Amino acid sequence: MITRIVKSMAVRIALGSACVMLLAGCAGNIELGPNAVKGKTPDGTVDMQEVQAAYIGSGSGGSGVLSFRGREYEFNVGGVGVGGIGLSTIEATGEVYNLSDLRQFPGTYGQARYGFAIGTASGGDLWLQNEAGVILHLKAKRTGLMLSLGGDAVVISMRQ
């Protein structure tokens with residue numbers, strides 16, 4: 001019994017450490033929040049749906065649509081992170097900044113988040129920035145049971 005508990009804790013610590021290293025590699029010089037987009041006009045908008053599960057580490061997957069220069073582009077999103085507990089679905093909409101070319105949109109985004117969800121009551125902001133400098137500011141509506149505070153690495157890929 002004690003051996004099983006120790007092994008379980010070791011796996012959780014290893015998972016948490018791996019997520020932290022991944023986040024450190026993705027975070028670099030990410031400046032997220034209102035100051036990062038102050039005085040800028042959005043270059044596009046996004047609508048996104050995601051399912052997120054968390055228990056110490058977190059994982060998510062979903063899809064969305066980017067509206068850019070009068071056209072719509074579908075994309076997939078997936079990620080891993082640190083911090084939180086629960087299971088929720090997220091519907092997010094928001095603005096895209098620093099996007100001058102569609103090829104800049106896909107990639108690995110560092111994410112800062114805060115929020116909560118209990119049933120259908122929720123609140124939270126999502127700020128993401130990728131290695132090309134593209135920033136997403138999303139307003140999220142969660143459904144489910146989730147308490148989250150932490151950071152994530154999110155990968156966005158365009159659908160063909």
# chains A, B, ... in the order shown; residues from 1 in each chain; ligands from 1
call {"tool": "residues_around", "arguments": {"residues": "Ser63 in chain A", "least_positions_apart": "5", "cutoff": "10 Å", "atoms": "only C-alpha atoms", "output": "list in words"}}
result
Asp47, Met48, Gln49, Glu50, Val51, Glu74, Phe75, Asn76, Val77, Gly78, Ile156, Ser157, Met158 and Arg159 of chain A
call {"tool": "residues_around", "arguments": {"residues": "Val155 in chain A", "least_positions_apart": "2", "cutoff": "10 Å", "atoms": "only C-alpha atoms", "output": "PyMOL selection string"}}
result
chain A and resi 61+76-80+106-110+130+152-153+157
call {"tool": "closest_residue", "arguments": {"among": "A:Ala92, A:Val134, A:Leu128, A:Ala53", "to": "Gln111 in chain A", "atoms": "only C-alpha atoms"}}
result
A:Leu128
call {"tool": "residues_around", "arguments": {"residues": "Ala132 in chain A", "least_positions_apart": "5", "cutoff": "9 Å", "atoms": "only C-alpha atoms", "output": "VMD selection string"}}
result
chain A and resid 98 to 99 104 to 105 107
